[in-house]
Amino acid sequence: MSNTFYEHLFSVENKVALVTGGTRGIGLMIAEGLVRAGARVYVASRKLDACKKTAETLSAYGECFAIPSDVSTLEGCKKLADEIKAREQKLNILVNNAGLTWSSPIDEFSEKAWDKVVDLDVKGPFFLSQQLLPLLRNAATPDNRASIVNITSVNGLRPSNLQNYSYVAAKAGLGQLSVQMARDLMQDHINVNVIAPGLFKSKMTAPLFATKEMERQLLAAQPMGRSGAMEDAAGLVIFFSSKAGSFVTGVTVPSDGGATTTS
Ligand SMILES: NC(=O)c1ccc[n+]([C@@H]2O[C@H](COP(=O)([O-])OP(=O)(O)OC[C@H]3O[C@@H](n4cnc5c(N)ncnc54)[C@H](OP(=O)(O)O)[C@@H]3O)[C@@H](O)[C@H]2O)c1
C-alpha cells in the first residue's frame, strides 16, 4: 500500500542532482539511490569509460547522465558547471563526493601528496559549489531548499592510524567550510550538510579488504560487524535533500555504524 505522506516527506522525485566521483564506491551508491528515488542525476569523474558505464547501468532505474571532468582544479570545476548550465536551468542537489587519500610516514610526507589531496578533497568542493551557485539559487525556495552535501570522513573528526596527514586536514577543513557555507547561504535557501563516512568497501579501501582474513578481522572490529551499504550513503543524502531534512543545515552526520560514537 502506498503512503503518500511518507512519499512526500522523503521525495527527491524530479529534482536535479550532481554527484562528483559518482562512478564507483560511495559516489556510485549515492547516485544509484538518487536515480532509484526518481531524481535526474548527473555523475562526474575523470574517466570517460567509467562515466559511460555508470550512466548506462543507472539508466536502468531512471535518468542518469555522465560528464567526464576533473574537479580538482578551478578550470575543471568551471567546465563541469558550464556543461550542467547548458543542460539544466536548476540544480537541486550537489554532492561533493570525489576524494582521494594518501598515506606516508610523517618524515617523508611529500608536497605532492599534500597538494593532490587538498586540491580534490577541499578546494574542489568549494569551487564547484561556487560555480554552481547560480543553478542552486534558481532551484532554491523557502519551501524547497537546495542541498549541498559534502562527503568528509570520520578521519576528519578524530585521529586515524593511517598517517594520512593531508587527508585528515582536508576532511576536517571541508567540515568547517561546510558550516561557514551553511551560514552564508542561509538567505539563498541553500542547505549545506556533511556526511562523514566510516568504513565502506570501495577502491579507496580495497587494500584493507585485500584477503578474506583481513576482511573478516576488519568487519569484526566494526561495532555493527559490517561496512556501509548503498542505503546508508544514499539514505542520508535523500534525507538532507528532501522535505524531511529541510530544517537541518550545517551539521555533520557520521555514517559509520557507531564507530565514532560508541568505540
Ligand atoms: N570508502 C570509505 O570507507 C570512505 C571512508 C570515509 C570517507 N570516504 C570518502 O568518500 C568519498 C568517496 O570515496 P570512495 O571510497 O568511494 O573512493 P573511490 O572508490 O576511490 O572513488 C572515487 C571517485 O572519485 C572519482 N575521482 C577521483 N579523482 C577525481 C577528480 N580529480 N575529479 C573527478 N572525479 C574524481 C573517481 O573516478 P575517476 O578515477 O574516474 O576520476 C571515483 O569515481 C571520498 O571523498 C572519500 O574520502 C570514503
# chains A, B, ... in the order shown; residues from 1 in each chain; ligands from 1

call {"tool": "residues_around", "arguments": {"residues": "Val192 (chain A)", "least_positions_apart": "3", "cutoff": "8 Å", "atoms": "only C-alpha atoms", "output": "list in words"}}
result
Ser147, Ile148, Val149, Asn150, Ser178, Val179, Met181, Ala182, Thr249, Gly250 and Val251 of chain A

call {"tool": "write_last_selection", "arguments": {"atoms": "C-alpha atoms", "output": "compact mmCIF listing (two decimals), in the first residue's frame"}}
result
# COMPACT_ATOMS: atom_id res chain seq x y z
CA SER A 147 21.00 20.98 -0.85
CA ILE A 148 24.78 20.74 -0.91
CA VAL A 149 26.08 17.57 0.72
CA ASN A 150 29.83 17.36 1.30
CA SER A 178 30.54 23.46 5.18
CA VAL A 179 29.39 25.17 8.38
CA MET A 181 28.80 27.96 3.73
CA ALA A 182 25.64 26.84 5.53
CA THR A 249 21.81 22.73 7.85
CA GLY A 250 25.44 22.97 8.89
CA VAL A 251 25.60 19.55 10.52

call {"tool": "closest_atom_pairs", "arguments": {"of": "chain A", "to": "ligand 1", "cutoff": "6 Å", "atoms": "only C-alpha atoms and all ligand atoms", "output": "Markdown table"}}
result
| residue | atom | partner | partner_atom_place_in_ligand_line | distance |
| --- | --- | --- | --- | --- |
| A:Thr20 | CA | ligand 1 | 34 (N) | 5.8 |
| A:Gly21 | CA | ligand 1 | 24 (O) | 3.3 |
| A:Gly22 | CA | ligand 1 | 43 (O) | 5.0 |
| A:Thr23 | CA | ligand 1 | 43 (O) | 4.1 |
| A:Arg24 | CA | ligand 1 | 43 (O) | 4.6 |
| A:Gly25 | CA | ligand 1 | 16 (O) | 3.4 |
| A:Ile26 | CA | ligand 1 | 16 (O) | 3.8 |
| A:Gly27 | CA | ligand 1 | 16 (O) | 5.6 |
| A:Ser45 | CA | ligand 1 | 34 (N) | 3.6 |
| A:Arg46 | CA | ligand 1 | 41 (O) | 3.6 |
| A:Lys47 | CA | ligand 1 | 40 (O) | 3.8 |
| A:Ala50 | CA | ligand 1 | 40 (O) | 5.9 |
| A:Ser69 | CA | ligand 1 | 33 (C) | 5.6 |
| A:Asp70 | CA | ligand 1 | 32 (N) | 3.5 |
| A:Val71 | CA | ligand 1 | 32 (N) | 4.1 |
| A:Ser72 | CA | ligand 1 | 31 (N) | 4.6 |
| A:Asn97 | CA | ligand 1 | 45 (O) | 4.7 |
| A:Ala98 | CA | ligand 1 | 24 (O) | 3.9 |
| A:Gly99 | CA | ligand 1 | 45 (O) | 3.5 |
| A:Leu100 | CA | ligand 1 | 47 (O) | 5.4 |
| A:Leu120 | CA | ligand 1 | 31 (N) | 5.8 |
| A:Ile151 | CA | ligand 1 | 45 (O) | 5.3 |
| A:Thr152 | CA | ligand 1 | 7 (C) | 5.5 |
| A:Ser153 | CA | ligand 1 | 7 (C) | 3.9 |
| A:Pro197 | CA | ligand 1 | 6 (C) | 4.2 |
| A:Gly198 | CA | ligand 1 | 5 (C) | 4.8 |
| A:Leu199 | CA | ligand 1 | 3 (O) | 3.8 |
| A:Phe200 | CA | ligand 1 | 3 (O) | 3.7 |
| A:Lys201 | CA | ligand 1 | 1 (N) | 5.5 |
| A:Ser202 | CA | ligand 1 | 19 (O) | 4.4 |
| A:Lys203 | CA | ligand 1 | 19 (O) | 4.0 |
| A:Met204 | CA | ligand 1 | 20 (O) | 4.1 |
| A:Thr205 | CA | ligand 1 | 1 (N) | 5.4 |

call {"tool": "write_last_selection", "arguments": {"atoms": "C-alpha atoms", "output": "mmCIF file, in the first residue's frame"}}
result
data_model
loop_
_atom_site.group_PDB
_atom_site.id
_atom_site.type_symbol
_atom_site.label_atom_id
_atom_site.label_comp_id
_atom_site.auth_asym_id
_atom_site.auth_seq_id
_atom_site.Cartn_x
_atom_site.Cartn_y
_atom_site.Cartn_z
ATOM 1 C CA THR A 20 31.055 14.023 -8.181
ATOM 2 C CA GLY A 21 33.024 10.787 -8.113
ATOM 3 C CA GLY A 22 29.704 9.119 -8.894
ATOM 4 C CA THR A 23 31.199 6.315 -10.968
ATOM 5 C CA ARG A 24 32.293 3.957 -8.195
ATOM 6 C CA GLY A 25 32.324 3.413 -4.439
ATOM 7 C CA ILE A 26 30.292 5.737 -2.221
ATOM 8 C CA GLY A 27 29.516 8.190 -5.053
ATOM 9 C CA SER A 45 34.526 11.588 -12.789
ATOM 10 C CA ARG A 46 37.722 11.808 -14.847
ATOM 11 C CA LYS A 47 37.459 8.560 -16.794
ATOM 12 C CA ALA A 50 33.644 4.784 -16.181
ATOM 13 C CA SER A 69 35.543 16.030 -15.602
ATOM 14 C CA ASP A 70 38.346 16.738 -13.163
ATOM 15 C CA VAL A 71 37.063 18.587 -10.110
ATOM 16 C CA SER A 72 40.480 19.099 -8.512
ATOM 17 C CA ASN A 97 31.905 13.249 -3.029
ATOM 18 C CA ALA A 98 35.038 12.860 -5.191
ATOM 19 C CA GLY A 99 38.039 12.410 -2.956
ATOM 20 C CA LEU A 100 41.346 10.681 -2.573
ATOM 21 C CA LEU A 120 40.496 17.376 -4.711
ATOM 22 C CA ILE A 151 31.409 13.960 1.899
ATOM 23 C CA THR A 152 34.185 14.090 4.502
ATOM 24 C CA SER A 153 35.365 11.183 6.663
ATOM 25 C CA PRO A 197 31.617 8.013 6.244
ATOM 26 C CA GLY A 198 33.227 5.294 8.301
ATOM 27 C CA LEU A 199 34.164 2.042 6.573
ATOM 28 C CA PHE A 200 32.693 1.482 3.100
ATOM 29 C CA LYS A 201 34.023 -1.080 0.642
ATOM 30 C CA SER A 202 35.463 0.749 -2.372
ATOM 31 C CA LYS A 203 38.595 1.099 -4.478
ATOM 32 C CA MET A 204 39.928 3.523 -1.859
ATOM 33 C CA THR A 205 39.615 0.956 0.929
#

call {"tool": "residues_around", "arguments": {"residues": "Ala259 (chain A)", "least_positions_apart": "5", "cutoff": "12 Å", "atoms": "only C-alpha atoms", "output": "list in words"}}
result
Ser153, Val154, Asn155, Leu157, Arg158, Ala196, Pro197, Gly198, Leu199, Leu219, Ala221, Gln222, Pro223, Met224, Gly225, Arg226, Ser227, Gly228 and Pro254 of chain A

call {"tool": "atom_distance", "arguments": {"atom1": "CA of Asn14 (chain A)", "atom2": "CA of Asn92 (chain A)"}}
result
9.4 Å

call {"tool": "select_by_dssp", "arguments": {"residues": "region 112-170 of chain A", "states": "alpha helix (DSSP H)", "output": "ChimeraX atom specification"}}
result
/A:112-118,124-139,165-170

call {"tool": "write_last_selection", "arguments": {"atoms": "N, CA and C atoms", "output": "mmCIF file, in the first residue's frame"}}
result
data_model
loop_
_atom_site.group_PDB
_atom_site.id
_atom_site.type_symbol
_atom_site.label_atom_id
_atom_site.label_comp_id
_atom_site.auth_asym_id
_atom_site.auth_seq_id
_atom_site.Cartn_x
_atom_site.Cartn_y
_atom_site.Cartn_z
ATOM 1 N N LYS A 112 53.658 16.877 -2.978
ATOM 2 C CA LYS A 112 52.724 16.354 -3.983
ATOM 3 C C LYS A 112 51.548 15.653 -3.290
ATOM 4 N N ALA A 113 51.881 14.859 -2.276
ATOM 5 C CA ALA A 113 50.829 14.130 -1.540
ATOM 6 C C ALA A 113 49.915 15.113 -0.815
ATOM 7 N N TRP A 114 50.479 16.206 -0.412
ATOM 8 C CA TRP A 114 49.677 17.246 0.248
ATOM 9 C C TRP A 114 48.730 17.912 -0.765
ATOM 10 N N ASP A 115 49.334 18.398 -1.870
ATOM 11 C CA ASP A 115 48.562 19.202 -2.830
ATOM 12 C C ASP A 115 47.485 18.393 -3.542
ATOM 13 N N LYS A 116 47.806 17.170 -3.946
ATOM 14 C CA LYS A 116 46.821 16.366 -4.690
ATOM 15 C C LYS A 116 45.563 16.143 -3.855
ATOM 16 N N VAL A 117 45.771 15.817 -2.588
ATOM 17 C CA VAL A 117 44.636 15.516 -1.712
ATOM 18 C C VAL A 117 43.852 16.784 -1.376
ATOM 19 N N VAL A 118 44.579 17.835 -1.023
ATOM 20 C CA VAL A 118 43.894 19.071 -0.631
ATOM 21 C C VAL A 118 43.144 19.674 -1.829
ATOM 22 N N GLY A 124 38.268 21.551 -4.453
ATOM 23 C CA GLY A 124 37.244 21.184 -5.446
ATOM 24 C C GLY A 124 35.825 21.449 -4.951
ATOM 25 N N PRO A 125 35.445 20.914 -3.779
ATOM 26 C CA PRO A 125 34.081 21.174 -3.287
ATOM 27 C C PRO A 125 33.746 22.659 -3.172
ATOM 28 N N PHE A 126 34.740 23.489 -2.762
ATOM 29 C CA PHE A 126 34.457 24.921 -2.655
ATOM 30 C C PHE A 126 34.177 25.524 -4.029
ATOM 31 N N PHE A 127 35.108 25.283 -4.982
ATOM 32 C CA PHE A 127 34.953 25.953 -6.272
ATOM 33 C C PHE A 127 33.820 25.379 -7.109
ATOM 34 N N LEU A 128 33.548 24.076 -6.973
ATOM 35 C CA LEU A 128 32.408 23.551 -7.727
ATOM 36 C C LEU A 128 31.105 24.137 -7.173
ATOM 37 N N SER A 129 31.003 24.211 -5.861
ATOM 38 C CA SER A 129 29.810 24.833 -5.255
ATOM 39 C C SER A 129 29.695 26.282 -5.739
ATOM 40 N N GLN A 130 30.804 27.012 -5.700
ATOM 41 C CA GLN A 130 30.803 28.419 -6.158
ATOM 42 C C GLN A 130 30.293 28.527 -7.588
ATOM 43 N N GLN A 131 30.834 27.685 -8.465
ATOM 44 C CA GLN A 131 30.477 27.767 -9.887
ATOM 45 C C GLN A 131 29.019 27.379 -10.143
ATOM 46 N N LEU A 132 28.474 26.538 -9.256
ATOM 47 C CA LEU A 132 27.095 26.070 -9.464
ATOM 48 C C LEU A 132 26.068 26.885 -8.672
ATOM 49 N N LEU A 133 26.532 27.901 -7.950
ATOM 50 C CA LEU A 133 25.592 28.699 -7.142
ATOM 51 C C LEU A 133 24.426 29.280 -7.959
ATOM 52 N N PRO A 134 24.675 29.784 -9.181
ATOM 53 C CA PRO A 134 23.527 30.321 -9.928
ATOM 54 C C PRO A 134 22.425 29.282 -10.134
ATOM 55 N N LEU A 135 22.806 28.042 -10.443
ATOM 56 C CA LEU A 135 21.787 26.993 -10.651
ATOM 57 C C LEU A 135 21.151 26.560 -9.342
ATOM 58 N N LEU A 136 21.947 26.516 -8.280
ATOM 59 C CA LEU A 136 21.404 26.138 -6.963
ATOM 60 C C LEU A 136 20.419 27.211 -6.486
ATOM 61 N N ARG A 137 20.790 28.485 -6.722
ATOM 62 C CA ARG A 137 19.886 29.593 -6.330
ATOM 63 C C ARG A 137 18.592 29.534 -7.139
ATOM 64 N N ASN A 138 18.698 29.184 -8.417
ATOM 65 C CA ASN A 138 17.490 29.068 -9.250
ATOM 66 C C ASN A 138 16.532 28.005 -8.716
ATOM 67 N N ALA A 139 17.117 26.949 -8.124
ATOM 68 C CA ALA A 139 16.277 25.837 -7.647
ATOM 69 C C ALA A 139 15.673 26.116 -6.278
ATOM 70 N N TYR A 165 48.086 12.467 6.462
ATOM 71 C CA TYR A 165 48.092 13.829 7.016
ATOM 72 C C TYR A 165 47.296 14.845 6.199
ATOM 73 N N SER A 166 47.484 14.850 4.889
ATOM 74 C CA SER A 166 46.758 15.839 4.081
ATOM 75 C C SER A 166 45.266 15.510 4.053
ATOM 76 N N TYR A 167 44.945 14.222 4.127
ATOM 77 C CA TYR A 167 43.547 13.788 4.093
ATOM 78 C C TYR A 167 42.808 14.259 5.350
ATOM 79 N N VAL A 168 43.387 14.047 6.521
ATOM 80 C CA VAL A 168 42.683 14.466 7.742
ATOM 81 C C VAL A 168 42.518 15.986 7.772
ATOM 82 N N ALA A 169 43.555 16.691 7.282
ATOM 83 C CA ALA A 169 43.468 18.168 7.246
ATOM 84 C C ALA A 169 42.381 18.605 6.270
ATOM 85 N N ALA A 170 42.366 17.981 5.094
ATOM 86 C CA ALA A 170 41.380 18.369 4.073
ATOM 87 C C ALA A 170 39.957 18.057 4.534
#

call {"tool": "closest_residue", "arguments": {"among": "A:Ile238, A:Ile190, A:Ile84, A:Ala206", "to": "Glu32 (chain A)", "atoms": "only C-alpha atoms"}}
result
A:Ile238

call {"tool": "select_by_dssp", "arguments": {"residues": "region 28-263 of chain A", "states": "strand (DSSP E)", "output": "NGL selection string"}}
result
:A and (40-44 or 64-66 or 93-96 or 146-151 or 190-197 or 252-255)

call {"tool": "residues_around", "arguments": {"residues": "Gly235 (chain A)", "least_positions_apart": "3", "cutoff": "9 Å", "atoms": "only C-alpha atoms", "output": "PyMOL selection string"}}
result
chain A and resi 30+33-34+230-232+238-240

call {"tool": "write_last_selection", "arguments": {"atoms": "N, CA and C atoms", "output": "compact mmCIF listing (two decimals), in the first residue's frame"}}
result
# COMPACT_ATOMS: atom_id res chain seq x y z
N ILE A 30 25.49 6.63 -3.87
CA ILE A 30 24.62 7.81 -3.72
C ILE A 30 23.87 8.07 -5.02
N GLY A 33 21.11 5.50 -5.49
CA GLY A 33 19.97 5.78 -4.60
C GLY A 33 19.12 6.94 -5.12
N LEU A 34 19.79 8.00 -5.57
CA LEU A 34 19.05 9.17 -6.06
C LEU A 34 18.28 8.85 -7.34
N MET A 230 24.84 0.73 0.26
CA MET A 230 24.27 1.77 -0.60
C MET A 230 23.23 2.60 0.14
N GLU A 231 22.33 1.91 0.85
CA GLU A 231 21.24 2.61 1.55
C GLU A 231 21.77 3.56 2.62
N ASP A 232 22.90 3.20 3.23
CA ASP A 232 23.46 4.03 4.31
C ASP A 232 23.96 5.37 3.75
N ILE A 238 19.39 11.58 0.65
CA ILE A 238 17.95 11.76 0.37
C ILE A 238 17.28 12.51 1.54
N PHE A 239 17.65 12.15 2.76
CA PHE A 239 17.09 12.86 3.92
C PHE A 239 17.45 14.35 3.86
N PHE A 240 18.74 14.65 3.68
CA PHE A 240 19.17 16.06 3.66
C PHE A 240 18.50 16.86 2.54

call {"tool": "closest_residue", "arguments": {"among": "A:Leu177, A:Ala210, A:Ala66, A:Ala31", "to": "Lys52 (chain A)", "atoms": "only C-alpha atoms"}}
result
A:Ala66

call {"tool": "closest_residue", "arguments": {"among": "A:Arg36, A:Arg216, A:Lys53, A:Lys90", "to": "Leu18 (chain A)", "atoms": "only C-alpha atoms"}}
result
A:Lys90

call {"tool": "residues_around", "arguments": {"residues": "Cys64 (chain A)", "least_positions_apart": "4", "cutoff": "10 Å", "atoms": "only C-alpha atoms", "output": "list in words"}}
result
Ala17, Leu18, Ala31, Glu32, Leu34, Val35, Arg36, Ala39, Arg40, Val41, Tyr42, Val43, Thr54, Ala55, Glu56, Thr57, Leu58, Ser59 and Ala60 of chain A

call {"tool": "write_last_selection", "arguments": {"atoms": "C-alpha atoms", "output": "mmCIF file, in the first residue's frame"}}
result
data_model
loop_
_atom_site.group_PDB
_atom_site.id
_atom_site.type_symbol
_atom_site.label_atom_id
_atom_site.label_comp_id
_atom_site.auth_asym_id
_atom_site.auth_seq_id
_atom_site.Cartn_x
_atom_site.Cartn_y
_atom_site.Cartn_z
ATOM 1 C CA ALA A 17 21.328 16.217 -8.774
ATOM 2 C CA LEU A 18 25.055 16.140 -9.456
ATOM 3 C CA ALA A 31 23.953 8.219 -7.440
ATOM 4 C CA GLU A 32 22.120 4.870 -7.597
ATOM 5 C CA LEU A 34 19.052 9.172 -6.062
ATOM 6 C CA VAL A 35 18.225 7.742 -9.503
ATOM 7 C CA ARG A 36 16.087 4.995 -7.946
ATOM 8 C CA ALA A 39 15.902 12.282 -9.303
ATOM 9 C CA ARG A 40 17.592 13.221 -12.581
ATOM 10 C CA VAL A 41 21.214 12.520 -11.759
ATOM 11 C CA TYR A 42 24.473 13.661 -13.321
ATOM 12 C CA VAL A 43 27.639 11.832 -12.314
ATOM 13 C CA THR A 54 27.730 4.301 -14.932
ATOM 14 C CA ALA A 55 25.222 6.281 -16.991
ATOM 15 C CA GLU A 56 24.294 3.112 -18.878
ATOM 16 C CA THR A 57 23.925 0.963 -15.736
ATOM 17 C CA LEU A 58 21.956 3.502 -13.694
ATOM 18 C CA SER A 59 19.698 4.414 -16.626
ATOM 19 C CA ALA A 60 18.006 1.053 -15.981
#

call {"tool": "atom_distance", "arguments": {"atom1": "CA of Ala81 (chain A)", "atom2": "CA of Asp121 (chain A)"}}
result
17.5 Å

call {"tool": "atom_distance", "arguments": {"atom1": "CA of Ala229 (chain A)", "atom2": "CA of Leu28 (chain A)"}}
result
11.1 Å

call {"tool": "closest_residue", "arguments": {"among": "A:Glu75, A:Asp188, A:Ile67, A:Phe109", "to": "Arg87 (chain A)", "atoms": "only C-alpha atoms"}}
result
A:Ile67
